[in-house]
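Engineer: A single structure is presented below for examination.
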Amino acid sequence: MTVIDAELAALDPDLERNDLPSIIGRRLSGRFTIDEWGLDRDLLTAITPFVRARWGLRIEGAEVLPEVGPALLVHTRRIGISEPGVLAAAVHRSTGRPLRATGYFASLPGPFGPLARRLGAVPVGSADLRSLLRAGEVVALPLGREVRQPFHVGPVPATPLAAALVAGAPIIPVAVLGVELGRWWTVRFGRPISTRRRGVVDPADLADVTRQRLQSLLTDARR
Amino acid sequence: MKVLITGMGGELGTRLANQLADDPSVEAVMGLDIDPPRRRHSAEFHRVDPRDRDKATALIRGFEPTALVHLGVYEPYARSTPKSAVERTAAGTLAAVSSAVDAGCLDRIIVRSGIEVYGRRRGAPVRPDEQVRPDPTTPFGHQLLQVERVCIEGGLHAAAPVTCLRFAPLVGPSFPSPLGRYLRMPAVPFRALGDPPFSLLHQNDAAAALVAALRRPVDGPVNVVGAGAVTASQAARVGRRIPVPTLAVGWPAARLFSEFAGAPVPDHVHELLTRGRVADGSRAGELLGVRPERSTPEVVEELYAWAEVVRVVSGTLDEAA
């Protein structure tokens with residue numbers, strides 16, 4: 001067993017030991033990492049086995065996810081309870097990066113909101129979205145619920161896409177398919193829409209393109 | 001450049017005066033404050049109560065500053081009681097800005113503000129950047145915003161750029177701050193359901209930002225925030241204090257306990273402990289050319305690394321040697 005110097009681990013997070021005794025040791029000494037939005041990486045590592053036991057994932061096209069730098073994942077949802085968790089698990093499994101799921105989870109009452117924030121949930125708001133993308137985070141933006149027509153994509157809001165445009169973050173359409181209490185879920189990542197084009201791009205046009213790509217992802221999935 | 005430093009008696013003011021002493025572009029430095037400077041310095045210093053407007057005005061007009069560094073922003077329970085902090089800040093800001101503008105040579109104003117100006121109203125951005133409109137929710141936040149407004153108005157009259165440096169809470173071993181004292185108590189109450197993260201700034205980084213802004217003034221606000229964040233319970237564990245989980249109804253008792261323990265908790269510190277306080281400081285590097293070198297966890301480590309009182313039994317020193 002190699003003993004890794006704590007200072008070396010601070011320089012390169014990949015060298016940080018993530019076995020249970022190390023996590024408990026960091027917890028007791030207070031030297032674990034909590035970021036500005038409240039994400040606790042050790043907690044995320046600790047719950048990963050439980051997430052794997054709960055959901056079986058079929059991930060398609062995850063090679064489009066950037067290893068570093070910002071990305072805005074615009075994803076579909078049916079009821080919307082499992083989708084953020086499923087997508088976060090898919091992103092974490094494919095790239096090892098945490099997902100910042102925007103939505104109501106971060107604002108839940110009692111201990112639930114703060115717990116969701118520890119796992120990567122962030123409140124919805126253009127200022128926070130701007131700040132997250134500037135910091136190079138992978139952010140998930142859920143579309144409206146489609147309970148009765150799961151293969152239909154509703155309108156895509158233009159305002160959050162404008163934030164991606166300013167940050168130069170690619171917009172990645174994602175179809176998240178599964179049944180709320182079921183075990184198996186499919187996560188299909190679509191071709192990224194680059195926002196680093198020259199000239200002024202209208203966010204409303206970007207929203208149209210994103211909607212079309214999401215719709216074709218869902219149509220393909222239905223076949 | 002003739003630099004007037006208000007609030008020079010504080011840690012930041014003294015540090016800044018010493019850094020400017022070796023700067024060839026600085027012709028003279030004059031400092032004003034109600035407290036004497038915290039260490040040796042070579043600047044001209046006058047002990048003036050900020051509420052004594054006539055004395056401050058006469059000194060400032062005689063000095064004819066070209067740059068005003070306004071650090072005379074008194075945090076409640078840092079060096080003053082909440083009441084006198086408000087009075088000193090309001091009177092001192094008005095006197096310093098109006099007299100410096102009237103002297104007629106002013107070409108830049110640098111203001112010590114804080115990220116408390118953004119407030120933590122429900123639904124407010126978690127990590128606001130400079131584009132977010134200030135919406136303070138505590139008396140200290142309002143106090144800072146008022147200072148910014150007076151300075152911006154002064155800047156308009158003098159046609160000078162006004163750099164509002166919005167610092168994250170400053171704590172340090174030799175820095176008088178209510179948050180620093182709170183975190184160094186033997187037992188540290190924290191919010192049981194949540195324990196939100198907050199960011200801090202090291203005094204050296206704050207001084208470096210002031211020097212950078214003085215050399216390269218930016219017209220507008222700049223957030224200066226140490227990287228990363230910590231929570232109150234995490235800080236307590238780093239400092240080997242006892243973290244005490246506290247629910248909403250327990251906070252009045254926790255504040256009372258802190259006050260008896262010598263660390264009164266003003267509203268903005270209570271807000272930080274229960275709602276968190278971070279800000280997006282990523283533009284500081286681009287705007288000022290410097291970014292904080294120490295991260296928030298490093299600031300916390302240093303806060304607790306401060307030598308405690310060491311009791312030495314006579315005769316043991318020789319044996320140890």
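To be explicit about the labels: the chains of the structure tokens are called A, B, and onward in the order shown, and within each one the residues are counted from 1, while ligands get numbers from 1 in the order they are shown.
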Distance limit 6 Å, atoms considered: only C-alpha atoms. Which chain A residues sit that close to chain B? Return them as a CSV table (one decimal) with N, CA and C atoms, in the first residue's frame.

Structural biologist:
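In the end it all went to iface-v7.csv:
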chain,number,residue,atom,x,y,z
A,29,SER,N,-11.5,15.2,11.2
A,29,SER,CA,-10.5,16.3,11.3
A,29,SER,C,-11.0,17.6,10.7
A,30,GLY,N,-12.2,17.5,10.0
A,30,GLY,CA,-12.7,18.7,9.3
A,30,GLY,C,-12.0,19.0,8.0
A,35,ASP,N,-17.6,22.7,-1.4
A,35,ASP,CA,-17.4,23.9,-2.3
A,35,ASP,C,-18.4,25.0,-2.0
A,36,GLU,N,-18.3,26.1,-2.8
A,36,GLU,CA,-19.1,27.2,-2.6
A,36,GLU,C,-20.6,27.0,-2.7
A,38,GLY,N,-22.0,24.1,-1.8
A,38,GLY,CA,-22.3,23.2,-0.7
A,38,GLY,C,-22.1,21.7,-1.1
A,111,PRO,N,-34.4,19.2,6.3
A,111,PRO,CA,-33.0,18.8,6.0
A,111,PRO,C,-32.8,18.4,4.5
A,114,PRO,N,-30.8,21.2,2.1
A,114,PRO,CA,-29.3,21.1,2.3
A,114,PRO,C,-28.7,19.8,2.0
A,128,ASP,N,-26.8,32.4,-10.7
A,128,ASP,CA,-26.0,31.2,-10.2
A,128,ASP,C,-25.6,30.4,-11.4

Engineer: Name the residues of range 76-301 of chain B that fall into helix (DSSP H, G or I) according to DSSP on the backbone, using the chain letters and numbers of this document, as a count of residues only.

Structural biologist: 105

Engineer: Extract, using only C-alpha atoms, all DNA, RNA and protein residues at most 9 Å from Pro142 in chain A, discarding same-chain residues fewer than 2 positions from it, and format them as a VMD selection string.

Structural biologist: chain A and resid 73 to 77 80 83 to 84 101 to 103 140 144 to 145

Engineer: Running DSSP on the backbone, which parts of chain A land in strand (DSSP E or B), as a PyMOL selection string?

Structural biologist: chain A and resi 34+40+56-60+71-75+99-102+121-122+138-142+171-178+184-189+193

Engineer: How many Å separate CA of Val249 in chain B from CA of Ile115 in chain B?

Structural biologist: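 Computing it gives 27.0 Å between the two atoms.
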
Engineer: With only C-alpha atoms as the basis for distance, which of A:Val209, A:Thr219, A:Thr95, A:Gly125 is at the shortest distance from Ser107 in chain A?

Structural biologist: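 Closest to Ser107 in chain A, using only C-alpha atoms: A:Gly125.
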
Engineer: Just checking: using only C-alpha atoms, which residue out of B:Arg275, B:Leu288, B:Glu64, B:His46 ends up closest to Thr163 in chain B?

Structural biologist: B:Leu288

Engineer: Neighbouring residues of Gly154 in chain A were defined as those with any atom within 10 Å, considering only C-alpha atoms; residues of the same chain fewer than 3 positions away were excluded. Please report them as an MDAnalysis selection string.

Structural biologist: chainID A and resid 76 143:146 149 151 157 211 214:215

Engineer: Those same residues, written as a CSV table (one decimal), in the first residue's frame with C-alpha atoms?

Structural biologist:
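Dumped to selection_14.csv:
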chain,number,residue,atom,x,y,z
A,76,THR,CA,-36.0,15.7,-20.6
A,143,LEU,CA,-37.3,20.8,-19.2
A,144,GLY,CA,-41.0,20.9,-18.3
A,145,ARG,CA,-42.6,17.7,-17.0
A,146,GLU,CA,-44.1,15.5,-19.7
A,149,GLN,CA,-46.5,12.3,-23.5
A,151,PHE,CA,-41.8,11.2,-26.1
A,157,PRO,CA,-36.3,28.3,-22.2
A,211,ARG,CA,-35.5,21.3,-28.9
A,214,LEU,CA,-33.9,16.5,-28.1
A,215,GLN,CA,-37.0,15.6,-30.1

Engineer: Using only C-alpha atoms, find the one residue out of A:Leu20, A:Val176, A:Leu43, A:Val51 that sits nearest to Val153 in chain A.

Structural biologist: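 Selected residue with least distance to Val153 in chain A: A:Val176.
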
Engineer: Please compute the CA of Pro49 in chain A-CA of Ala71 in chain A distance, one decimal, in Å.

Structural biologist: 25.7 Å

Engineer: Would you mind telling me which residue in A:Glu16, A:Pro66, A:Thr159, A:Ala135 lies nearest to Arg31 in chain A when using only C-alpha atoms?

Structural biologist: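 Of A:Glu16, A:Pro66, A:Thr159, A:Ala135, the one nearest Arg31 in chain A is A:Glu16, counting only C-alpha atoms.
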
Engineer: Find the residues near Arg291 in chain B: any atom within 12 Å, counting only C-alpha atoms, skip ones fewer than 3 places away on the same chain, and give them as a PyMOL selection string.

Structural biologist: chain B and resi 167+201-202+204-210+212-213+222-227+281-288+294-295

Engineer: Can you spit out the residues from that selection as an mmCIF file, in the first residue's frame, using C-alpha atoms?

Structural biologist:
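Listed below is the output, selection14.cif:
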data_model
loop_
_atom_site.group_PDB
_atom_site.id
_atom_site.type_symbol
_atom_site.label_atom_id
_atom_site.label_comp_id
_atom_site.auth_asym_id
_atom_site.auth_seq_id
_atom_site.Cartn_x
_atom_site.Cartn_y
_atom_site.Cartn_z
ATOM 1 C CA PHE B 167 -14.161 41.597 0.452
ATOM 2 C CA LEU B 201 -10.337 36.258 2.755
ATOM 3 C CA HIS B 202 -6.847 36.546 4.208
ATOM 4 C CA ASN B 204 -2.599 39.861 3.164
ATOM 5 C CA ASP B 205 -4.740 39.183 0.096
ATOM 6 C CA ALA B 206 -7.058 42.051 1.029
ATOM 7 C CA ALA B 207 -4.035 44.378 1.348
ATOM 8 C CA ALA B 208 -2.668 43.138 -1.998
ATOM 9 C CA ALA B 209 -6.028 43.869 -3.649
ATOM 10 C CA LEU B 210 -5.996 47.401 -2.182
ATOM 11 C CA ALA B 212 -3.470 46.645 -6.961
ATOM 12 C CA ALA B 213 -6.623 48.785 -7.091
ATOM 13 C CA VAL B 222 -14.904 43.901 -7.607
ATOM 14 C CA ASN B 223 -15.515 40.826 -5.433
ATOM 15 C CA VAL B 224 -12.351 39.685 -3.671
ATOM 16 C CA VAL B 225 -12.939 36.231 -2.209
ATOM 17 C CA GLY B 226 -10.616 33.412 -1.151
ATOM 18 C CA ALA B 227 -11.081 30.236 -3.198
ATOM 19 C CA GLY B 281 -14.597 36.429 -7.096
ATOM 20 C CA SER B 282 -13.352 35.035 -10.404
ATOM 21 C CA ARG B 283 -13.151 38.455 -12.052
ATOM 22 C CA ALA B 284 -10.692 39.909 -9.508
ATOM 23 C CA GLY B 285 -7.697 38.515 -11.387
ATOM 24 C CA GLU B 286 -8.845 39.955 -14.690
ATOM 25 C CA LEU B 287 -9.849 43.369 -13.271
ATOM 26 C CA LEU B 288 -7.133 43.996 -10.673
ATOM 27 C CA ARG B 294 -4.753 31.799 0.148
ATOM 28 C CA SER B 295 -7.853 29.658 -0.060
#

Engineer: What's around Pro178 in chain B at 9 Å? Count only C-alpha atoms, leave out sequence neighbours fewer than 5 positions away in its own chain, and write the answer as a list in words.

Structural biologist: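 Those residues are Glu75, Pro76, Tyr77, Ala78, Val171, Leu183, Ala263, Pro264, Val265, Pro266 and Val269 of chain B.
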
Engineer: Need the shell around range 14-30 of chain B: protein/DNA/RNA residues with any atom at most 7 Å away, counting only C-alpha atoms. Skip same-chain ones fewer than 3 positions apart. Format as JSON, numbers by chain?

Structural biologist: {"B": [1, 2, 3, 4, 5, 8, 9, 10, 11, 37, 38, 39, 41, 42, 43, 44, 45, 207]}

Engineer: Hey, can you check how far CA of Arg78 in chain A sits from CA of Trp55 in chain A?

Structural biologist: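 Atom-to-atom, CA of Arg78 in chain A to CA of Trp55 in chain A, that is 16.5 Å.
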
Engineer: Using only C-alpha atoms for the distances, tell me which of A:Arg191, A:Arg41, A:Arg148, A:Arg58 is nearest to Arg26 in chain A.

Structural biologist: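 Answer, going by the shortest atom-to-atom distance: A:Arg41.
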